[in-house]
$ cat work27.pdb   # PDB, C-alpha atoms and all ligand atoms
ATOM      1  CA  MET K 716      -5.283  36.960 -61.394
ATOM      2  CA  SER K 717      -6.745  38.347 -64.609
ATOM      3  CA  ASN K 718     -10.470  37.928 -65.204
ATOM      4  CA  GLY K 719     -10.526  36.513 -68.731
ATOM      5  CA  THR K 720     -12.746  33.481 -69.221
ATOM      6  CA  VAL K 721     -10.727  30.417 -70.115
ATOM      7  CA  ILE K 722     -13.429  27.748 -70.279
ATOM      8  CA  SER K 723     -17.170  28.069 -70.085
ATOM      9  CA  CYS K 724     -20.134  25.840 -70.710
ATOM     10  CA  THR K 725     -23.858  26.477 -70.743
ATOM     11  CA  GLY K 726     -26.748  24.032 -70.605
ATOM     12  CA  LEU K 727     -24.344  21.139 -71.001
ATOM     13  CA  THR K 728     -26.029  17.743 -71.008
ATOM     14  CA  LYS K 729     -24.743  14.245 -71.602
ATOM     15  CA  ALA K 730     -26.752  11.065 -71.844
ATOM     16  CA  TYR K 731     -25.302   7.617 -72.464
ATOM     17  CA  GLN K 732     -27.151   4.756 -74.120
ATOM     18  CA  ASP K 733     -27.558   1.829 -71.787
ATOM     19  CA  ALA K 734     -29.422  -1.256 -73.020
ATOM     20  CA  GLY K 735     -31.334   0.911 -75.501
ATOM     21  CA  ARG K 736     -32.253   3.517 -72.884
ATOM     22  CA  ASP K 737     -30.885   7.043 -72.500
ATOM     23  CA  VAL K 738     -29.227   7.524 -69.133
ATOM     24  CA  ALA K 739     -28.772  11.224 -68.353
ATOM     25  CA  VAL K 740     -25.517  11.907 -66.517
ATOM     26  CA  LEU K 741     -25.192  15.690 -66.889
ATOM     27  CA  LYS K 742     -28.490  17.547 -66.962
ATOM     28  CA  GLY K 743     -27.600  21.166 -67.684
ATOM     29  CA  VAL K 744     -24.220  22.286 -66.404
ATOM     30  CA  ASP K 745     -23.332  25.988 -66.467
ATOM     31  CA  LEU K 746     -19.773  26.802 -65.519
ATOM     32  CA  THR K 747     -17.130  29.455 -66.069
ATOM     33  CA  VAL K 748     -13.443  29.093 -65.261
ATOM     34  CA  ASN K 749     -11.442  32.312 -65.177
ATOM     35  CA  ALA K 750      -7.772  32.831 -65.961
ATOM     36  CA  GLY K 751      -5.524  31.771 -63.110
ATOM     37  CA  GLU K 752      -8.354  30.240 -61.095
ATOM     38  CA  SER K 753      -8.221  26.812 -59.437
ATOM     39  CA  VAL K 754     -11.529  24.948 -59.286
ATOM     40  CA  SER K 755     -12.039  21.572 -57.635
ATOM     41  CA  ILE K 756     -14.883  19.241 -58.517
ATOM     42  CA  ILE K 757     -16.167  16.640 -56.121
ATOM     43  CA  GLY K 758     -19.173  14.352 -56.309
ATOM     44  CA  ALA K 759     -20.191  10.771 -55.709
ATOM     45  CA  SER K 760     -18.742   7.997 -57.832
ATOM     46  CA  GLY K 761     -20.623   7.947 -61.125
ATOM     47  CA  SER K 762     -21.949  11.505 -60.723
ATOM     48  CA  GLY K 763     -20.313  12.621 -63.987
ATOM     49  CA  LYS K 764     -17.065  14.322 -62.965
ATOM     50  CA  SER K 765     -14.904  12.635 -65.615
ATOM     51  CA  THR K 766     -17.676  13.067 -68.162
ATOM     52  CA  LEU K 767     -17.653  16.819 -67.517
ATOM     53  CA  LEU K 768     -13.862  17.101 -67.926
ATOM     54  CA  HIS K 769     -14.028  15.097 -71.162
ATOM     55  CA  LEU K 770     -16.699  17.402 -72.579
ATOM     56  CA  LEU K 771     -14.796  20.546 -71.546
ATOM     57  CA  GLY K 772     -11.635  19.180 -73.149
ATOM     58  CA  GLY K 773     -13.435  18.217 -76.359
ATOM     59  CA  LEU K 774     -12.605  14.553 -75.779
ATOM     60  CA  ASP K 775     -16.262  13.544 -75.970
ATOM     61  CA  GLU K 776     -19.381  15.031 -77.562
ATOM     62  CA  ALA K 777     -22.124  16.621 -75.500
ATOM     63  CA  THR K 778     -25.745  15.612 -76.050
ATOM     64  CA  SER K 779     -26.686  19.302 -75.944
ATOM     65  CA  GLY K 780     -25.309  22.631 -74.733
ATOM     66  CA  HIS K 781     -22.219  24.669 -75.532
ATOM     67  CA  VAL K 782     -18.560  24.503 -74.577
ATOM     68  CA  SER K 783     -16.224  27.405 -75.179
ATOM     69  CA  VAL K 784     -12.446  27.170 -74.755
ATOM     70  CA  MET K 785     -10.519  30.452 -75.000
ATOM     71  CA  GLY K 786     -13.550  32.107 -76.563
ATOM     72  CA  LYS K 787     -14.175  29.524 -79.291
ATOM     73  CA  ASP K 788     -17.065  27.064 -79.493
ATOM     74  CA  ILE K 789     -15.134  23.805 -79.753
ATOM     75  CA  GLN K 790     -18.175  21.870 -80.953
ATOM     76  CA  LYS K 791     -18.130  23.855 -84.197
ATOM     77  CA  MET K 792     -14.561  22.726 -84.946
ATOM     78  CA  SER K 793     -13.453  19.750 -87.018
ATOM     79  CA  ALA K 794     -11.673  16.961 -85.135
ATOM     80  CA  LEU K 795      -8.344  18.258 -86.471
ATOM     81  CA  GLN K 796      -9.037  21.842 -85.361
ATOM     82  CA  GLN K 797     -10.177  20.582 -81.949
ATOM     83  CA  GLY K 798      -6.939  18.646 -81.562
ATOM     84  CA  GLN K 799      -4.847  21.712 -82.418
ATOM     85  CA  TRP K 800      -6.903  23.939 -80.085
ATOM     86  CA  ARG K 801      -6.455  21.400 -77.284
ATOM     87  CA  ASN K 802      -2.707  21.188 -77.845
ATOM     88  CA  GLN K 803      -2.491  24.988 -77.791
ATOM     89  CA  HIS K 804      -4.697  25.815 -74.801
ATOM     90  CA  LEU K 805      -5.279  22.788 -72.577
ATOM     91  CA  GLY K 806      -3.193  20.337 -70.579
ATOM     92  CA  PHE K 807      -4.443  17.022 -69.193
ATOM     93  CA  ILE K 808      -3.413  15.036 -66.129
ATOM     94  CA  TYR K 809      -5.006  11.694 -65.336
ATOM     95  CA  GLN K 810      -5.030   9.266 -62.414
ATOM     96  CA  PHE K 811      -2.664   7.063 -64.414
ATOM     97  CA  HIS K 812       0.345   9.002 -65.701
ATOM     98  CA  HIS K 813       0.157   7.781 -69.352
ATOM     99  CA  LEU K 814       3.863   8.454 -69.846
ATOM    100  CA  LEU K 815       5.376   6.594 -72.795
ATOM    101  CA  ALA K 816       7.431   3.722 -71.373
ATOM    102  CA  GLU K 817      10.182   3.691 -73.998
ATOM    103  CA  PHE K 818      11.000   7.404 -73.663
ATOM    104  CA  THR K 819      12.870   9.269 -70.927
ATOM    105  CA  ALA K 820      11.186  11.767 -68.622
ATOM    106  CA  LEU K 821      12.720  14.593 -70.689
ATOM    107  CA  GLU K 822      11.447  13.148 -73.983
ATOM    108  CA  ASN K 823       7.983  12.573 -72.501
ATOM    109  CA  VAL K 824       7.754  16.184 -71.351
ATOM    110  CA  ALA K 825       9.080  17.482 -74.694
ATOM    111  CA  MET K 826       6.518  15.402 -76.656
ATOM    112  CA  PRO K 827       3.619  17.933 -76.783
ATOM    113  CA  LEU K 828       6.058  20.554 -78.121
ATOM    114  CA  LEU K 829       7.437  18.178 -80.758
ATOM    115  CA  ILE K 830       3.860  17.345 -81.801
ATOM    116  CA  ARG K 831       3.302  21.076 -82.145
ATOM    117  CA  GLY K 832       6.287  21.273 -84.505
ATOM    118  CA  GLU K 833       8.922  22.843 -82.230
ATOM    119  CA  LYS K 834      12.584  22.043 -82.974
ATOM    120  CA  LYS K 835      13.947  19.227 -80.814
ATOM    121  CA  SER K 836      16.631  21.375 -79.142
ATOM    122  CA  HIS K 837      14.130  24.099 -78.211
ATOM    123  CA  ALA K 838      11.545  21.531 -77.030
ATOM    124  CA  CYS K 839      14.138  19.819 -74.812
ATOM    125  CA  HIS K 840      15.273  23.161 -73.394
ATOM    126  CA  LEU K 841      11.696  24.092 -72.381
ATOM    127  CA  ALA K 842      11.006  20.549 -71.126
ATOM    128  CA  SER K 843      14.091  20.638 -68.946
ATOM    129  CA  ALA K 844      13.050  24.003 -67.450
ATOM    130  CA  MET K 845       9.619  22.588 -66.589
ATOM    131  CA  ILE K 846      11.157  19.430 -65.092
ATOM    132  CA  GLU K 847      13.238  21.714 -62.896
ATOM    133  CA  LYS K 848      10.033  23.415 -61.691
ATOM    134  CA  VAL K 849       8.610  20.058 -60.572
ATOM    135  CA  GLY K 850      11.905  19.326 -58.793
ATOM    136  CA  LEU K 851      13.092  16.375 -60.891
ATOM    137  CA  LEU K 852      16.001  17.690 -62.936
ATOM    138  CA  ASP K 853      18.198  14.875 -61.639
ATOM    139  CA  ARG K 854      15.697  12.316 -62.981
ATOM    140  CA  GLU K 855      15.181  13.668 -66.495
ATOM    141  CA  SER K 856      17.066  10.867 -68.229
ATOM    142  CA  HIS K 857      15.103   8.186 -66.337
ATOM    143  CA  LYS K 858      12.443   6.103 -68.058
ATOM    144  CA  PRO K 859       8.990   6.027 -66.358
ATOM    145  CA  SER K 860       9.697   2.543 -64.919
ATOM    146  CA  GLU K 861      12.709   4.049 -63.124
ATOM    147  CA  LEU K 862      10.593   6.679 -61.343
ATOM    148  CA  SER K 863       8.404   6.412 -58.233
ATOM    149  CA  GLY K 864       4.626   6.863 -58.495
ATOM    150  CA  GLY K 865       4.817  10.425 -57.181
ATOM    151  CA  GLU K 866       7.698  11.265 -59.523
ATOM    152  CA  ARG K 867       5.753   9.928 -62.518
ATOM    153  CA  GLN K 868       2.819  12.183 -61.657
ATOM    154  CA  ARG K 869       5.175  15.159 -61.281
ATOM    155  CA  ILE K 870       6.586  14.404 -64.749
ATOM    156  CA  ALA K 871       2.996  14.133 -66.050
ATOM    157  CA  ILE K 872       2.349  17.594 -64.552
ATOM    158  CA  ALA K 873       5.458  18.959 -66.300
ATOM    159  CA  ARG K 874       4.251  17.460 -69.586
ATOM    160  CA  ALA K 875       0.812  19.067 -69.145
ATOM    161  CA  LEU K 876       2.339  22.482 -68.390
ATOM    162  CA  VAL K 877       5.182  22.575 -70.906
ATOM    163  CA  THR K 878       3.020  24.112 -73.638
ATOM    164  CA  GLU K 879       1.941  26.882 -71.216
ATOM    165  CA  PRO K 880      -1.736  25.996 -71.538
ATOM    166  CA  ALA K 881      -4.482  28.336 -70.362
ATOM    167  CA  CYS K 882      -6.022  25.555 -68.297
ATOM    168  CA  ILE K 883      -5.105  22.165 -66.879
ATOM    169  CA  LEU K 884      -7.874  19.567 -66.645
ATOM    170  CA  ALA K 885      -6.867  17.023 -64.010
ATOM    171  CA  ASP K 886      -8.921  13.883 -63.355
ATOM    172  CA  GLU K 887      -8.080  12.333 -59.960
ATOM    173  CA  PRO K 888      -4.375  13.178 -60.418
ATOM    174  CA  THR K 889      -3.542  11.970 -56.915
ATOM    175  CA  GLY K 890      -5.879   8.962 -56.900
ATOM    176  CA  ASN K 891      -3.078   6.395 -57.215
ATOM    177  CA  LEU K 892      -0.779   7.960 -54.610
ATOM    178  CA  ASP K 893      -0.409   7.438 -50.875
ATOM    179  CA  GLU K 894      -1.536  10.293 -48.635
ATOM    180  CA  GLU K 895       1.877  11.934 -48.333
ATOM    181  CA  ASN K 896       2.599  11.885 -52.068
ATOM    182  CA  ALA K 897      -0.984  12.906 -52.900
ATOM    183  CA  GLU K 898      -0.518  15.939 -50.686
ATOM    184  CA  LYS K 899       2.799  16.867 -52.342
ATOM    185  CA  VAL K 900       1.553  16.414 -55.909
ATOM    186  CA  TYR K 901      -1.669  18.344 -55.237
ATOM    187  CA  GLN K 902       0.247  21.203 -53.614
ATOM    188  CA  LEU K 903       2.665  21.282 -56.552
ATOM    189  CA  MET K 904      -0.272  21.722 -58.944
ATOM    190  CA  LEU K 905      -1.657  24.596 -56.850
ATOM    191  CA  ASP K 906       1.784  26.242 -56.569
ATOM    192  CA  LEU K 907       2.305  26.056 -60.340
ATOM    193  CA  ASN K 908      -1.255  27.305 -60.924
ATOM    194  CA  ARG K 909      -0.313  30.447 -58.952
ATOM    195  CA  GLU K 910       3.205  30.819 -60.360
ATOM    196  CA  LEU K 911       2.286  30.333 -64.017
ATOM    197  CA  ASN K 912      -1.284  31.750 -63.845
ATOM    198  CA  THR K 913      -2.544  28.549 -65.474
ATOM    199  CA  SER K 914      -6.146  27.758 -64.551
ATOM    200  CA  LEU K 915      -6.699  24.398 -62.935
ATOM    201  CA  MET K 916      -9.827  22.247 -62.910
ATOM    202  CA  VAL K 917      -9.247  19.251 -60.735
ATOM    203  CA  VAL K 918     -11.505  16.304 -59.966
ATOM    204  CA  THR K 919     -10.780  14.682 -56.626
ATOM    205  CA  HIS K 920     -12.441  12.407 -54.089
ATOM    206  CA  ASP K 921     -10.474  14.048 -51.296
ATOM    207  CA  ARG K 922     -12.502  16.830 -49.676
ATOM    208  CA  LYS K 923      -9.518  18.157 -47.743
ATOM    209  CA  LEU K 924      -7.511  18.616 -50.936
ATOM    210  CA  ALA K 925     -10.554  19.986 -52.792
ATOM    211  CA  ALA K 926     -10.990  22.694 -50.147
ATOM    212  CA  ARG K 927      -7.599  24.207 -51.069
ATOM    213  CA  ALA K 928      -8.717  25.321 -54.535
ATOM    214  CA  HIS K 929     -10.022  28.864 -55.017
ATOM    215  CA  ARG K 930     -13.482  27.436 -55.682
ATOM    216  CA  GLN K 931     -15.060  24.084 -54.863
ATOM    217  CA  LEU K 932     -17.913  22.669 -56.904
ATOM    218  CA  THR K 933     -19.996  19.530 -56.465
ATOM    219  CA  ILE K 934     -21.927  17.565 -59.069
ATOM    220  CA  VAL K 935     -25.225  16.374 -57.638
ATOM    221  CA  ASN K 936     -28.005  14.909 -59.745
ATOM    222  CA  GLY K 937     -26.375  16.023 -62.973
ATOM    223  CA  VAL K 938     -25.925  19.683 -62.101
ATOM    224  CA  ILE K 939     -23.167  21.759 -60.514
ATOM    225  CA  THR K 940     -23.536  23.416 -57.159
ATOM    226  CA  ALA K 941     -21.034  25.344 -55.060
ATOM    227  CA  ALA K 942     -19.714  22.937 -52.415
TER     228      ALA K 942
HETATM  229  N1  LIG F   1     -19.035   5.473 -72.461
HETATM  230  C1  LIG F   1     -20.004   5.282 -71.556
HETATM  231  N2  LIG F   1     -21.112   4.566 -71.865
HETATM  232  C2  LIG F   1     -22.113   4.404 -70.988
HETATM  233  N3  LIG F   1     -22.113   4.918 -69.740
HETATM  234  C3  LIG F   1     -21.051   5.636 -69.369
HETATM  235  C4  LIG F   1     -19.942   5.859 -70.244
HETATM  236  N4  LIG F   1     -19.028   6.622 -69.600
HETATM  237  C5  LIG F   1     -19.530   6.848 -68.369
HETATM  238  N5  LIG F   1     -20.746   6.274 -68.223
HETATM  239  C6  LIG F   1     -21.610   6.335 -67.038
HETATM  240  O1  LIG F   1     -21.824   7.713 -66.733
HETATM  241  C7  LIG F   1     -21.821   7.924 -65.323
HETATM  242  C8  LIG F   1     -20.791   8.995 -64.978
HETATM  243  O2  LIG F   1     -19.469   8.496 -65.219
HETATM  244  P1  LIG F   1     -18.174   9.340 -64.845
HETATM  245  O3  LIG F   1     -16.999   8.497 -65.160
HETATM  246  O4  LIG F   1     -18.265  10.683 -65.473
HETATM  247  O5  LIG F   1     -18.366   9.497 -63.258
HETATM  248  P2  LIG F   1     -17.348  10.025 -62.168
HETATM  249  O6  LIG F   1     -18.113  10.991 -61.320
HETATM  250  O7  LIG F   1     -16.105  10.520 -62.806
HETATM  251  O8  LIG F   1     -17.089   8.690 -61.343
HETATM  252  P3  LIG F   1     -15.809   8.182 -60.476
HETATM  253  O9  LIG F   1     -15.705   9.132 -59.318
HETATM  254  O10 LIG F   1     -16.225   6.813 -60.055
HETATM  255  O11 LIG F   1     -14.619   8.203 -61.387
HETATM  256  C9  LIG F   1     -21.548   6.569 -64.695
HETATM  257  O12 LIG F   1     -22.774   6.014 -64.270
HETATM  258  C10 LIG F   1     -20.943   5.752 -65.811
HETATM  259  O13 LIG F   1     -21.254   4.395 -65.667
END
$ encode --input "work27.pdb" --output "structure tokens"
Amino acid sequence: MSNGTVISCTGLTKAYQDAGRDVAVLKGVDLTVNAGESVSIIGASGSGKSTLLHLLGGLDEATSGHVSVMGKDIQKMSALQQGQWRNQHLGFIYQFHHLLAEFTALENVAMPLLIRGEKKSHACHLASAMIEKVGLLDRESHKPSELSGGERQRIAIARALVTEPACILADEPTGNLDEENAEKVYQLMLDLNRELNTSLMVVTHDRKLAARAHRQLTIVNGVITAA
């Protein structure tokens, strides 16, 4: 594992407006994720886990504090630059797969590369190689509706990894799966994290799964503590 910093934040705060009042969710989060590291985040419902991932991924604006992704302060970028930086360095996996229903598994996985401007043949070649890594080569021409829940999440993992991002941000990626499939999908993410040296930040409710990451963090009262 190399020691380069992939994502860091300092003094990160987020308050939402609720009925005219500011409700502070994050109250000063300091965090560094190194290259190749897996970090799990647990915390009570409503503690701000998704909020933190959104801020780190530049999907929402912090109230105060700094976020750096691959050495650049993403808050200083325009929306367009942020989008390009995200596409280049980050991959996202959600509780719901968000695969596009009308496209095959292969086309879904190739999509981030096509958006980046890769030629279709090259994009499909790389997508197919990543689908092989998640063990679903025989399903690549299936549409999402023709895949099981676990298979859809594995395709979503392939889509997140196909651009070889520095870090995957995963928000309850196993939350919709039964225990056996949750276990398999979580393990697949950890295996690929090691094989590809892609950092992984994963939010989960499952303490047993969380304990398998290199580092476990908890959000309590708006700040991060080691679990
Ligand atoms: N857009 C919003 N406007 C107002 N309040 C919000 C908004 N988004 C989130 N919140 C509030 O911020 C708090 C943190 O939400 P967040 O989704 O980050 O929690 P979480 O730890 O991911 O929860 P869960 O485990 O239930 O998914 C919650 O109280 C939520 O109601």
$ residues_near_ligand --input "work27.pdb" --ligand "ligand LIG 1 (chain F)" --cutoff "12 Å" --atoms "all atoms listed in the file" --output "number ranges by chain"
K: 728-742, 756-770, 774-777, 809-810, 885-888, 890, 917-921, 933-939
$ closest_residue --input "work27.pdb" --among "K:His813, K:Asp893, K:Leu911, K:Ala825" --to "Pro859 in chain K" --atoms "all atoms listed in the file"
K:His813
$ resolve_selection --input "work27.pdb" --expression "the PyMOL selection byres (((chain K and resi 906) around 12) and not hetatm)" --output "JSON, numbers by chain"
{"K": [751, 752, 753, 848, 849, 872, 899, 900, 901, 902, 903, 904, 905, 907, 908, 909, 910, 911, 912, 913, 914, 915, 927, 928]}
$ closest_residue --input "work27.pdb" --among "K:Ile883, K:Val721, K:Ala925, K:Val754" --to "Lys787 in chain K" --atoms "only C-alpha atoms"
K:Val721
$ closest_residue --input "work27.pdb" --among "K:Glu847, K:Arg854, K:Val782, K:Leu828" --to "Gln797 in chain K" --atoms "all atoms listed in the file"
K:Val782
$ closest_residue --input "work27.pdb" --among "K:Ala873, K:Leu727, K:Phe818, K:Asn823" --to "Ser779 in chain K" --atoms "only C-alpha atoms"
K:Leu727
$ resolve_selection --input "work27.pdb" --expression "the PyMOL selection byres (((chain K and resi 931) around 6) and not hetatm)" --output "list of chain:residue names"
K:Val754, K:Ser755, K:Arg930, K:Leu932, K:Ala942
$ closest_residue --input "work27.pdb" --among "K:Ile808, K:Met845, K:Leu892, K:Ile722" --to "Ser863 in chain K" --atoms "all atoms listed in the file"
K:Leu892
$ closest_residue --input "work27.pdb" --among "K:Val877, K:Ile870, K:Val748, K:Ala794" --to "Glu855 in chain K" --atoms "all atoms listed in the file"
K:Ile870
$ resolve_selection --input "work27.pdb" --expression "the PyMOL selection byres (((chain K and resi 803) around 10) and not hetatm)" --output "MDAnalysis selection string"
chainID K and resid 797:802 804:806 827:828 831 878:881
